[in-house]
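Colleague: To be precise about what I am sending: the file is called start-v2.cif and holds mmCIF, C-alpha atoms.
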data_protein
loop_
_atom_site.label_atom_id
_atom_site.label_comp_id
_atom_site.auth_asym_id
_atom_site.auth_seq_id
_atom_site.Cartn_x
_atom_site.Cartn_y
_atom_site.Cartn_z
CA MET A 697 0.00 0.00 0.00
CA TYR A 698 1.34 3.44 -0.92
CA ASP A 699 1.84 5.95 1.84
CA ARG A 700 -0.77 8.18 0.21
CA GLU A 701 -3.54 5.62 0.58
CA ILE A 702 -6.12 5.59 3.36
CA GLU A 703 -7.55 2.14 4.19
CA ALA A 704 -11.16 1.48 3.17
CA ASP A 705 -12.55 1.27 6.72
CA ARG A 706 -10.83 4.50 7.69
CA ALA A 707 -12.07 6.23 4.49
CA ARG A 708 -15.61 5.14 5.30
CA ALA A 709 -15.35 6.42 8.90
CA LEU A 710 -13.99 9.78 7.68
CA ILE A 711 -16.82 10.06 5.15
CA GLU A 712 -19.41 9.32 7.85
CA GLU A 713 -17.88 12.09 9.96
CA VAL A 714 -18.20 14.53 7.03
CA LEU A 715 -21.82 13.47 6.43
CA ARG A 716 -22.75 14.20 10.06
CA GLY A 717 -21.92 17.86 9.41
CA ALA A 718 -23.14 18.02 5.79
CA LYS A 719 -25.99 20.37 4.86
CA ASP A 720 -25.66 21.42 1.21
CA VAL A 721 -23.91 19.04 -1.17
CA ILE A 722 -23.21 19.05 -4.90
CA PHE A 723 -25.54 16.58 -6.62
CA ALA A 724 -24.62 15.47 -10.17
CA THR A 725 -26.83 13.55 -12.58
CA ASN A 726 -26.57 12.44 -16.19
CA GLY A 727 -28.25 15.43 -17.84
CA SER A 728 -29.41 16.30 -21.35
CA HIS A 729 -27.50 15.61 -24.56
CA GLY A 730 -24.87 13.49 -22.78
CA HIS A 731 -23.66 16.25 -20.46
CA PRO A 732 -23.56 15.91 -16.67
CA ASN A 733 -25.90 18.24 -14.78
CA VAL A 734 -25.05 19.73 -11.40
CA ARG A 735 -26.86 21.57 -8.61
CA THR A 736 -26.66 22.16 -4.87
CA MET A 737 -29.03 20.06 -2.73
CA TYR A 738 -29.85 20.07 0.96
CA VAL A 739 -29.36 16.72 2.71
CA ALA A 740 -32.58 15.95 4.59
CA CYS A 741 -30.98 13.04 6.47
CA HIS A 742 -28.58 10.16 5.96
CA ASP A 743 -28.03 6.53 7.00
CA GLY A 744 -24.32 6.71 7.75
CA ALA A 745 -22.46 6.16 4.47
CA GLU A 746 -25.23 3.86 3.17
CA ALA A 747 -27.75 6.38 1.84
CA LEU A 748 -28.50 10.11 1.68
CA TRP A 749 -32.06 11.45 1.52
CA PHE A 750 -33.29 14.55 -0.32
CA THR A 751 -36.54 16.19 -1.38
CA THR A 752 -37.33 17.54 -4.81
CA SER A 753 -40.17 19.14 -6.72
CA LEU A 754 -41.84 17.19 -9.50
CA GLU A 755 -41.15 20.26 -11.67
CA SER A 756 -37.39 19.81 -11.35
CA SER A 757 -35.52 18.61 -14.43
CA LYS A 758 -33.63 16.15 -12.25
CA ILE A 759 -36.77 13.97 -11.94
CA ILE A 760 -36.69 13.23 -15.67
CA GLU A 761 -32.90 12.83 -15.61
CA LEU A 762 -33.16 10.26 -12.79
CA ILE A 763 -36.02 8.37 -14.43
CA LYS A 764 -33.85 8.06 -17.55
CA ASN A 765 -30.68 7.22 -15.60
CA GLU A 766 -30.55 6.47 -11.87
CA LYS A 767 -26.76 6.84 -11.67
CA ALA A 768 -25.56 9.94 -9.84
CA ALA A 769 -22.69 11.38 -7.83
CA ILE A 770 -22.39 13.56 -4.73
CA TYR A 771 -19.48 15.88 -3.99
CA ILE A 772 -18.68 17.63 -0.73
CA LYS A 773 -15.84 20.13 -0.31
CA CYS A 774 -15.08 20.38 3.41
CA ASP A 775 -13.24 22.93 5.51
CA GLY A 776 -9.56 22.08 5.72
CA ASN A 777 -9.34 20.97 2.08
CA ALA A 778 -10.87 17.52 2.57
CA GLU A 779 -13.11 16.29 -0.25
CA VAL A 780 -15.71 13.53 -0.38
CA ARG A 781 -17.08 11.95 -3.54
CA LEU A 782 -19.89 9.40 -3.48
CA TRP A 783 -21.18 7.37 -6.41
CA GLY A 784 -24.58 5.76 -6.21
CA LYS A 785 -28.04 5.09 -7.59
CA VAL A 786 -31.08 7.19 -6.83
CA VAL A 787 -34.54 5.85 -6.00
CA ILE A 788 -37.53 8.23 -6.39
CA LEU A 789 -39.94 7.56 -3.50
CA ASP A 790 -43.54 8.62 -2.95
CA ASP A 791 -44.59 6.57 0.12
CA ARG A 792 -45.88 7.98 3.42
CA GLU A 793 -42.98 6.73 5.54
CA SER A 794 -40.27 8.25 3.31
CA ARG A 795 -42.13 11.57 3.06
CA GLU A 796 -42.50 11.81 6.83
CA ARG A 797 -38.89 10.83 7.38
CA VAL A 798 -37.47 13.76 5.34
CA TRP A 799 -40.06 16.37 6.29
CA CYS A 800 -39.14 19.47 8.25
CA ASP A 801 -41.09 22.73 8.52
CA ASP A 802 -38.43 24.65 6.58
CA LEU A 803 -39.75 22.82 3.49
CA ARG A 804 -43.18 24.44 3.75
CA ALA A 805 -42.19 27.42 1.55
CA ALA A 806 -41.55 24.96 -1.31
CA PHE A 807 -44.27 22.46 -0.40
CA PRO A 808 -47.23 24.28 1.19
CA ASP A 809 -49.24 21.07 1.66
CA GLY A 810 -46.61 19.61 3.97
CA ALA A 811 -45.09 16.13 3.95
CA HIS A 812 -47.81 14.85 1.63
CA ASP A 813 -47.67 17.71 -0.88
CA PRO A 814 -48.44 16.11 -4.27
CA ASN A 815 -45.63 18.15 -5.88
CA MET A 816 -42.93 16.68 -3.57
CA ARG A 817 -40.90 13.53 -4.10
CA VAL A 818 -38.23 11.94 -1.94
CA LEU A 819 -34.87 10.97 -3.44
CA ARG A 820 -32.81 8.27 -1.73
CA PHE A 821 -29.20 8.16 -2.96
CA ASP A 822 -27.93 4.62 -2.27
CA VAL A 823 -24.15 4.74 -1.99
CA ILE A 824 -22.15 2.25 -4.09
CA SER A 825 -18.68 3.61 -3.37
CA GLY A 826 -17.07 6.62 -1.77
CA LEU A 827 -13.77 8.48 -1.83
CA TYR A 828 -12.21 10.58 0.89
CA ALA A 829 -9.24 12.77 -0.06
CA LYS A 830 -7.17 15.26 1.91
CA GLU A 831 -3.74 16.76 1.26
CA GLY A 832 -2.68 14.23 -1.35
CA ARG A 833 -3.87 11.19 0.61
CA SER A 834 -7.04 9.36 -0.37
CA GLY A 835 -9.04 6.23 0.30
CA ILE A 836 -11.96 4.47 -1.34
CA PHE A 837 -14.59 2.19 0.15
CA THR A 838 -17.14 0.06 -1.69
CA ARG A 839 -20.33 -1.26 -0.14
CA MET B 1357 -42.23 35.24 -21.70
CA TYR B 1358 -42.88 34.36 -18.08
CA ASP B 1359 -41.96 36.89 -15.44
CA ARG B 1360 -39.43 34.38 -14.01
CA GLU B 1361 -37.40 34.30 -17.20
CA ILE B 1362 -34.23 36.30 -17.84
CA GLU B 1363 -33.55 37.09 -21.51
CA ALA B 1364 -30.65 35.26 -23.16
CA ASP B 1365 -28.45 38.35 -23.63
CA ARG B 1366 -28.96 39.38 -20.02
CA ALA B 1367 -28.24 35.80 -18.79
CA ARG B 1368 -25.02 35.80 -20.77
CA ALA B 1369 -23.96 39.18 -19.36
CA LEU B 1370 -24.71 38.03 -15.80
CA ILE B 1371 -22.70 34.84 -16.39
CA GLU B 1372 -19.75 36.85 -17.70
CA GLU B 1373 -19.91 38.98 -14.55
CA VAL B 1374 -19.79 35.83 -12.39
CA LEU B 1375 -16.86 34.43 -14.41
CA ARG B 1376 -14.84 37.62 -13.86
CA GLY B 1377 -14.83 36.81 -10.12
CA ALA B 1378 -14.66 33.01 -10.42
CA LYS B 1379 -11.67 31.16 -8.97
CA ASP B 1380 -12.69 27.63 -7.97
CA VAL B 1381 -15.57 26.02 -9.87
CA ILE B 1382 -17.24 22.62 -9.80
CA PHE B 1383 -16.18 20.64 -12.86
CA ALA B 1384 -18.27 17.57 -13.79
CA THR B 1385 -17.36 14.89 -16.32
CA ASN B 1386 -18.87 11.60 -17.43
CA GLY B 1387 -17.00 9.27 -15.06
CA SER B 1388 -16.66 5.52 -14.65
CA HIS B 1389 -19.49 2.98 -14.91
CA GLY B 1390 -21.98 5.57 -16.18
CA HIS B 1391 -21.76 7.84 -13.12
CA PRO B 1392 -20.92 11.54 -13.29
CA ASN B 1393 -17.64 12.52 -11.63
CA VAL B 1394 -17.13 15.84 -9.85
CA ARG B 1395 -14.21 17.85 -8.49
CA THR B 1396 -13.23 21.45 -7.74
CA MET B 1397 -10.99 23.12 -10.33
CA TYR B 1398 -9.22 26.46 -10.42
CA VAL B 1399 -10.05 28.63 -13.46
CA ALA B 1400 -6.73 29.69 -15.03
CA CYS B 1401 -8.46 32.20 -17.34
CA HIS B 1402 -11.56 32.62 -19.49
CA ASP B 1403 -12.70 34.14 -22.78
CA GLY B 1404 -15.90 35.79 -21.57
CA ALA B 1405 -18.64 33.17 -21.69
CA GLU B 1406 -17.01 31.46 -24.70
CA ALA B 1407 -14.40 29.26 -23.00
CA LEU B 1408 -12.81 28.53 -19.63
CA TRP B 1409 -9.21 27.33 -19.31
CA PHE B 1410 -7.76 24.93 -16.73
CA THR B 1411 -4.61 22.92 -16.09
CA THR B 1412 -4.50 19.27 -15.11
CA SER B 1413 -1.96 16.56 -14.40
CA LEU B 1414 -1.68 13.65 -16.83
CA GLU B 1415 -2.12 11.42 -13.77
CA SER B 1416 -5.64 12.73 -13.15
CA SER B 1417 -8.52 10.36 -13.89
CA LYS B 1418 -10.30 13.21 -15.67
CA ILE B 1419 -7.86 12.95 -18.60
CA ILE B 1420 -9.13 9.45 -19.41
CA GLU B 1421 -12.73 10.51 -18.76
CA LEU B 1422 -12.38 13.42 -21.21
CA ILE B 1423 -10.66 11.32 -23.87
CA LYS B 1424 -13.59 8.90 -23.68
CA ASN B 1425 -16.22 11.68 -23.55
CA GLU B 1426 -15.52 15.36 -24.12
CA LYS B 1427 -18.90 16.48 -22.72
CA ALA B 1428 -18.71 18.22 -19.35
CA ALA B 1429 -20.47 20.74 -17.13
CA ILE B 1430 -19.35 23.56 -14.85
CA TYR B 1431 -21.26 24.77 -11.81
CA ILE B 1432 -20.67 27.93 -9.79
CA LYS B 1433 -22.55 28.79 -6.61
CA CYS B 1434 -22.18 32.52 -6.02
CA ASP B 1435 -22.65 34.73 -3.00
CA GLY B 1436 -26.23 35.97 -2.80
CA ASN B 1437 -27.71 32.66 -3.95
CA ALA B 1438 -27.04 33.08 -7.66
CA GLU B 1439 -26.03 29.95 -9.55
CA VAL B 1440 -24.36 29.44 -12.91
CA ARG B 1441 -24.34 26.22 -14.91
CA LEU B 1442 -22.38 25.84 -18.13
CA TRP B 1443 -22.49 22.91 -20.52
CA GLY B 1444 -19.70 22.39 -22.99
CA LYS B 1445 -17.05 20.26 -24.63
CA VAL B 1446 -13.46 20.00 -23.41
CA VAL B 1447 -10.38 20.06 -25.62
CA ILE B 1448 -7.12 18.69 -24.17
CA LEU B 1449 -4.25 20.92 -25.36
CA ASP B 1450 -0.49 20.43 -25.32
CA ASP B 1451 0.80 23.32 -27.47
CA ARG B 1452 3.24 26.00 -26.34
CA GLU B 1453 0.83 28.92 -26.70
CA SER B 1454 -1.91 27.30 -24.58
CA ARG B 1455 0.58 26.25 -21.90
CA GLU B 1456 2.02 29.76 -21.65
CA ARG B 1457 -1.42 31.29 -21.59
CA VAL B 1458 -2.56 29.40 -18.48
CA TRP B 1459 0.77 29.39 -16.62
CA CYS B 1460 1.22 31.18 -13.31
CA ASP B 1461 3.93 30.61 -10.71
CA ASP B 1462 1.44 29.19 -8.20
CA LEU B 1463 1.35 26.08 -10.44
CA ARG B 1464 5.03 25.30 -9.80
CA ALA B 1465 4.26 23.12 -6.75
CA ALA B 1466 2.27 20.80 -9.01
CA PHE B 1467 4.41 21.23 -12.15
CA PRO B 1468 8.06 21.83 -11.16
CA ASP B 1469 9.23 22.10 -14.78
CA GLY B 1470 7.05 25.15 -15.38
CA ALA B 1471 4.75 25.88 -18.30
CA HIS B 1472 6.30 23.09 -20.37
CA ASP B 1473 6.22 20.41 -17.63
CA PRO B 1474 5.59 17.12 -19.51
CA ASN B 1475 3.07 16.08 -16.84
CA MET B 1476 0.84 19.14 -17.42
CA ARG B 1477 -1.99 19.47 -19.91
CA VAL B 1478 -4.31 22.39 -20.64
CA LEU B 1479 -8.07 21.91 -20.71
CA ARG B 1480 -10.21 24.35 -22.68
CA PHE B 1481 -13.91 24.10 -21.85
CA ASP B 1482 -15.80 25.45 -24.88
CA VAL B 1483 -19.20 26.67 -23.72
CA ILE B 1484 -22.26 25.42 -25.63
CA SER B 1485 -24.94 26.86 -23.34
CA GLY B 1486 -25.23 28.47 -19.96
CA LEU B 1487 -27.84 29.06 -17.29
CA TYR B 1488 -28.00 31.87 -14.75
CA ALA B 1489 -30.46 31.48 -11.87
CA LYS B 1490 -31.22 33.64 -8.85
CA GLU B 1491 -34.20 33.73 -6.51
CA GLY B 1492 -36.53 31.74 -8.74
CA ARG B 1493 -35.66 33.65 -11.92
CA SER B 1494 -33.46 32.09 -14.56
CA GLY B 1495 -32.21 32.55 -18.09
CA ILE B 1496 -30.40 30.43 -20.63
CA PHE B 1497 -28.12 31.43 -23.50
CA THR B 1498 -26.79 29.23 -26.28
CA ARG B 1499 -23.77 30.02 -28.38
#
Once you've parsed the file, please lay out its structure as structure tokens.
Modeller:
Amino acid sequence: MYDREIEADRARALIEEVLRGAKDVIFATNGSHGHPNVRTMYVACHDGAEALWFTTSLESSKIIELIKNEKAAIYIKCDGNAEVRLWGKVVILDDRESRERVWCDDLRAAFPDGAHDPNMRVLRFDVISGLYAKEGRSGIFTR
Amino acid sequence: MYDREIEADRARALIEEVLRGAKDVIFATNGSHGHPNVRTMYVACHDGAEALWFTTSLESSKIIELIKNEKAAIYIKCDGNAEVRLWGKVVILDDRESRERVWCDDLRAAFPDGAHDPNMRVLRFDVISGLYAKEGRSGIFTR
């Protein structure tokens, strides 16, 4: 193992630490005409490094992008020059339990009807692999 | 035209204004296994909203990604909640003029041999279209 490598278990633990403090992340999809598409998204909650949960409006172009191609990536630039990249697949959810799980009152401006607003969908990003990098050292874990 | 739309010429002018202050941007490529890949990159220089120039190491995975697929996207989150997205194609350059154009002494830590370091390549992101969005209003221009 090169000196610049971080072991998989350690990389995963460092990523989980970053996720505990993560609010806005960069969320990349396969967009139109073969180009990636990128936006900032607020993390509603997460299951360690297993899955990240988001909300979206049905009017968002990312709904169509994710129906066409579930593969996505998340990028987090942390204080102190650490970076996290996650690759995964996104499931679009519409069930009561998922809606109630992600709901918080700050969402009411976007979804006036609350957790069951017909215009809201839940996105669950299921992590396949993750990379943690800082100061030339990096490590990858795969689930 | 809807009230929430910004005209194309105005969107382009607002994007050029953002680019004048842009240092680090989010740079997305088509990565491995059908997933997007994302990293932060420093903008070496730009030609208005026509092209953005970067440097990269030959050891970076993005070189292979861009040889396989030249289509990429750039994302900039600005102060005051404005966002810029650019979609374009990336040309990998190795000529003297391009190398000298992007060179600055801050790059010497990464490329000790200077502007003609054999490990350095220049990336020119040629803009195809761009989106400017702020507070629910947005506008797109296409070149």
Colleague: Evaluate the PyMOL selection byres ((chain A) within 10 of (chain B)) here and jot the selected residues down as number ranges by chain.
Modeller: A: 722-736, 765-773, 779-785
Colleague: Write the selection just made, keeping C-alpha atoms, as a PDB file, in the coordinates of the input?
Modeller:
ATOM      1  CA  ILE A 722     -23.210  19.050  -4.900  1.00  0.00           C
ATOM      2  CA  PHE A 723     -25.540  16.580  -6.620  1.00  0.00           C
ATOM      3  CA  ALA A 724     -24.620  15.470 -10.170  1.00  0.00           C
ATOM      4  CA  THR A 725     -26.830  13.550 -12.580  1.00  0.00           C
ATOM      5  CA  ASN A 726     -26.570  12.440 -16.190  1.00  0.00           C
ATOM      6  CA  GLY A 727     -28.250  15.430 -17.840  1.00  0.00           C
ATOM      7  CA  SER A 728     -29.410  16.300 -21.350  1.00  0.00           C
ATOM      8  CA  HIS A 729     -27.500  15.610 -24.560  1.00  0.00           C
ATOM      9  CA  GLY A 730     -24.870  13.490 -22.780  1.00  0.00           C
ATOM     10  CA  HIS A 731     -23.660  16.250 -20.460  1.00  0.00           C
ATOM     11  CA  PRO A 732     -23.560  15.910 -16.670  1.00  0.00           C
ATOM     12  CA  ASN A 733     -25.900  18.240 -14.780  1.00  0.00           C
ATOM     13  CA  VAL A 734     -25.050  19.730 -11.400  1.00  0.00           C
ATOM     14  CA  ARG A 735     -26.860  21.570  -8.610  1.00  0.00           C
ATOM     15  CA  THR A 736     -26.660  22.160  -4.870  1.00  0.00           C
ATOM     16  CA  ASN A 765     -30.680   7.220 -15.600  1.00  0.00           C
ATOM     17  CA  GLU A 766     -30.550   6.470 -11.870  1.00  0.00           C
ATOM     18  CA  LYS A 767     -26.760   6.840 -11.670  1.00  0.00           C
ATOM     19  CA  ALA A 768     -25.560   9.940  -9.840  1.00  0.00           C
ATOM     20  CA  ALA A 769     -22.690  11.380  -7.830  1.00  0.00           C
ATOM     21  CA  ILE A 770     -22.390  13.560  -4.730  1.00  0.00           C
ATOM     22  CA  TYR A 771     -19.480  15.880  -3.990  1.00  0.00           C
ATOM     23  CA  ILE A 772     -18.680  17.630  -0.730  1.00  0.00           C
ATOM     24  CA  LYS A 773     -15.840  20.130  -0.310  1.00  0.00           C
ATOM     25  CA  GLU A 779     -13.110  16.290  -0.250  1.00  0.00           C
ATOM     26  CA  VAL A 780     -15.710  13.530  -0.380  1.00  0.00           C
ATOM     27  CA  ARG A 781     -17.080  11.950  -3.540  1.00  0.00           C
ATOM     28  CA  LEU A 782     -19.890   9.400  -3.480  1.00  0.00           C
ATOM     29  CA  TRP A 783     -21.180   7.370  -6.410  1.00  0.00           C
ATOM     30  CA  GLY A 784     -24.580   5.760  -6.210  1.00  0.00           C
ATOM     31  CA  LYS A 785     -28.040   5.090  -7.590  1.00  0.00           C
TER      32      LYS A 785
END
Colleague: Write out as a VMD selection string the residues lying within 6 Å of range 1476-1491 of chain B, counting all atoms listed in the file and excluding same-chain residues fewer than 2 positions away.
Modeller: chain B and resid 1367 1406 to 1413 1438 to 1450 1473 to 1474 1493 to 1499
Colleague: Take chain B, lay it over chain A with a least-squares fit on all the Cα atoms in order, then hand it over as a short mmCIF file (atom, residue, chain, number, x, y, z; two decimals) with C-alpha atoms, in the coordinates of the input.
Modeller:
data_model
loop_
_atom_site.label_atom_id
_atom_site.label_comp_id
_atom_site.auth_asym_id
_atom_site.auth_seq_id
_atom_site.Cartn_x
_atom_site.Cartn_y
_atom_site.Cartn_z
CA MET B 1357 -0.05 -0.05 0.03
CA TYR B 1358 1.32 3.36 -0.87
CA ASP B 1359 1.83 5.86 1.89
CA ARG B 1360 -0.77 8.14 0.22
CA GLU B 1361 -3.54 5.60 0.59
CA ILE B 1362 -6.15 5.58 3.36
CA GLU B 1363 -7.58 2.14 4.19
CA ALA B 1364 -11.19 1.48 3.16
CA ASP B 1365 -12.57 1.27 6.72
CA ARG B 1366 -10.85 4.50 7.69
CA ALA B 1367 -12.10 6.24 4.48
CA ARG B 1368 -15.62 5.15 5.30
CA ALA B 1369 -15.36 6.43 8.88
CA LEU B 1370 -13.99 9.78 7.68
CA ILE B 1371 -16.83 10.06 5.15
CA GLU B 1372 -19.41 9.34 7.84
CA GLU B 1373 -17.86 12.10 9.95
CA VAL B 1374 -18.18 14.54 7.02
CA LEU B 1375 -21.81 13.48 6.41
CA ARG B 1376 -22.72 14.19 10.05
CA GLY B 1377 -21.92 17.88 9.39
CA ALA B 1378 -23.12 18.03 5.77
CA LYS B 1379 -25.97 20.37 4.86
CA ASP B 1380 -25.65 21.45 1.22
CA VAL B 1381 -23.91 19.05 -1.18
CA ILE B 1382 -23.20 19.05 -4.90
CA PHE B 1383 -25.52 16.58 -6.61
CA ALA B 1384 -24.62 15.48 -10.17
CA THR B 1385 -26.83 13.56 -12.58
CA ASN B 1386 -26.57 12.45 -16.19
CA GLY B 1387 -28.25 15.45 -17.84
CA SER B 1388 -29.41 16.32 -21.34
CA HIS B 1389 -27.50 15.61 -24.56
CA GLY B 1390 -24.88 13.49 -22.79
CA HIS B 1391 -23.67 16.25 -20.45
CA PRO B 1392 -23.56 15.92 -16.67
CA ASN B 1393 -25.90 18.24 -14.78
CA VAL B 1394 -25.04 19.74 -11.39
CA ARG B 1395 -26.87 21.58 -8.62
CA THR B 1396 -26.66 22.17 -4.87
CA MET B 1397 -29.02 20.08 -2.73
CA TYR B 1398 -29.84 20.09 0.96
CA VAL B 1399 -29.34 16.73 2.72
CA ALA B 1400 -32.58 15.96 4.60
CA CYS B 1401 -30.97 13.03 6.46
CA HIS B 1402 -28.57 10.13 5.95
CA ASP B 1403 -28.03 6.52 7.00
CA GLY B 1404 -24.31 6.70 7.75
CA ALA B 1405 -22.46 6.16 4.48
CA GLU B 1406 -25.23 3.86 3.18
CA ALA B 1407 -27.75 6.39 1.83
CA LEU B 1408 -28.49 10.11 1.67
CA TRP B 1409 -32.05 11.46 1.51
CA PHE B 1410 -33.30 14.55 -0.32
CA THR B 1411 -36.56 16.18 -1.37
CA THR B 1412 -37.32 17.53 -4.82
CA SER B 1413 -40.18 19.14 -6.71
CA LEU B 1414 -41.84 17.18 -9.51
CA GLU B 1415 -41.16 20.24 -11.67
CA SER B 1416 -37.39 19.81 -11.35
CA SER B 1417 -35.52 18.61 -14.44
CA LYS B 1418 -33.63 16.15 -12.24
CA ILE B 1419 -36.76 13.98 -11.92
CA ILE B 1420 -36.70 13.24 -15.66
CA GLU B 1421 -32.91 12.84 -15.60
CA LEU B 1422 -33.16 10.27 -12.79
CA ILE B 1423 -36.02 8.37 -14.42
CA LYS B 1424 -33.86 8.06 -17.54
CA ASN B 1425 -30.68 7.23 -15.58
CA GLU B 1426 -30.55 6.48 -11.87
CA LYS B 1427 -26.74 6.85 -11.67
CA ALA B 1428 -25.56 9.95 -9.84
CA ALA B 1429 -22.68 11.38 -7.83
CA ILE B 1430 -22.38 13.56 -4.74
CA TYR B 1431 -19.47 15.87 -4.00
CA ILE B 1432 -18.67 17.64 -0.73
CA LYS B 1433 -15.84 20.13 -0.32
CA CYS B 1434 -15.07 20.40 3.39
CA ASP B 1435 -13.25 22.95 5.48
CA GLY B 1436 -9.56 22.11 5.71
CA ASN B 1437 -9.34 20.97 2.08
CA ALA B 1438 -10.87 17.53 2.55
CA GLU B 1439 -13.11 16.30 -0.24
CA VAL B 1440 -15.71 13.54 -0.39
CA ARG B 1441 -17.09 11.96 -3.54
CA LEU B 1442 -19.88 9.40 -3.48
CA TRP B 1443 -21.18 7.38 -6.40
CA GLY B 1444 -24.57 5.77 -6.22
CA LYS B 1445 -28.02 5.09 -7.60
CA VAL B 1446 -31.09 7.20 -6.83
CA VAL B 1447 -34.53 5.85 -6.00
CA ILE B 1448 -37.51 8.21 -6.38
CA LEU B 1449 -39.93 7.57 -3.49
CA ASP B 1450 -43.53 8.61 -2.94
CA ASP B 1451 -44.58 6.57 0.13
CA ARG B 1452 -45.86 8.00 3.40
CA GLU B 1453 -42.98 6.73 5.54
CA SER B 1454 -40.27 8.25 3.31
CA ARG B 1455 -42.11 11.56 3.06
CA GLU B 1456 -42.49 11.80 6.84
CA ARG B 1457 -38.89 10.83 7.37
CA VAL B 1458 -37.47 13.73 5.34
CA TRP B 1459 -40.05 16.36 6.30
CA CYS B 1460 -39.11 19.47 8.25
CA ASP B 1461 -41.06 22.72 8.53
CA ASP B 1462 -38.43 24.65 6.56
CA LEU B 1463 -39.75 22.80 3.48
CA ARG B 1464 -43.19 24.43 3.75
CA ALA B 1465 -42.19 27.39 1.54
CA ALA B 1466 -41.55 24.96 -1.30
CA PHE B 1467 -44.29 22.44 -0.41
CA PRO B 1468 -47.25 24.25 1.20
CA ASP B 1469 -49.25 21.04 1.66
CA GLY B 1470 -46.62 19.59 3.98
CA ALA B 1471 -45.10 16.12 3.96
CA HIS B 1472 -47.81 14.82 1.63
CA ASP B 1473 -47.67 17.71 -0.88
CA PRO B 1474 -48.43 16.09 -4.27
CA ASN B 1475 -45.63 18.12 -5.88
CA MET B 1476 -42.94 16.68 -3.56
CA ARG B 1477 -40.91 13.53 -4.09
CA VAL B 1478 -38.21 11.94 -1.94
CA LEU B 1479 -34.87 10.96 -3.43
CA ARG B 1480 -32.80 8.27 -1.73
CA PHE B 1481 -29.20 8.16 -2.96
CA ASP B 1482 -27.93 4.62 -2.27
CA VAL B 1483 -24.15 4.75 -1.99
CA ILE B 1484 -22.15 2.26 -4.09
CA SER B 1485 -18.67 3.63 -3.36
CA GLY B 1486 -17.07 6.64 -1.78
CA LEU B 1487 -13.77 8.49 -1.84
CA TYR B 1488 -12.22 10.60 0.90
CA ALA B 1489 -9.25 12.78 -0.06
CA LYS B 1490 -7.17 15.27 1.91
CA GLU B 1491 -3.74 16.75 1.26
CA GLY B 1492 -2.70 14.22 -1.36
CA ARG B 1493 -3.88 11.19 0.61
CA SER B 1494 -7.04 9.37 -0.37
CA GLY B 1495 -9.05 6.24 0.30
CA ILE B 1496 -11.96 4.48 -1.33
CA PHE B 1497 -14.60 2.20 0.16
CA THR B 1498 -17.15 0.09 -1.68
CA ARG B 1499 -20.33 -1.24 -0.16
#
Colleague: One decimal, Å: what's the distance from CA of Cys1434 in chain B over to CA of Ala1400 in chain B, could you say?
Modeller: 18.1 Å
Colleague: Tell me, in Å to one decimal, how far CA of Val1381 in chain B is from CA of Met1397 in chain B.
Modeller: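 Distance reported for this atom pair: 5.4 Å.
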Colleague: Enclose the full set of atoms of range 731-750 of chain A listed in the file within a box whose edges lie along x, y and z, apply 4 Å of padding to each of the six sides, and report centre and edge lengths in Å to one decimal as lines of an AutoDock Vina configuration file.
Modeller:
center_x = -27.9
center_y = 13.0
center_z = -6.4
size_x = 18.8
size_y = 26.3
size_z = 36.2
Colleague: Distance CA of Glu796 in chain A-CA of Lys719 in chain A, one decimal place?
Modeller: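 Atom-to-atom, CA of Glu796 in chain A and CA of Lys719 in chain A are spaced 18.7 Å apart.
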Colleague: Can you work out which one of B:Leu1414, B:Gly1492, B:Val1399, B:Arg1464 has the shortest atom-to-atom distance to Asn1437 in chain B, counting all atoms listed in the file?
Modeller: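 Closest to Asn1437 in chain B of all the choices is B:Gly1492.
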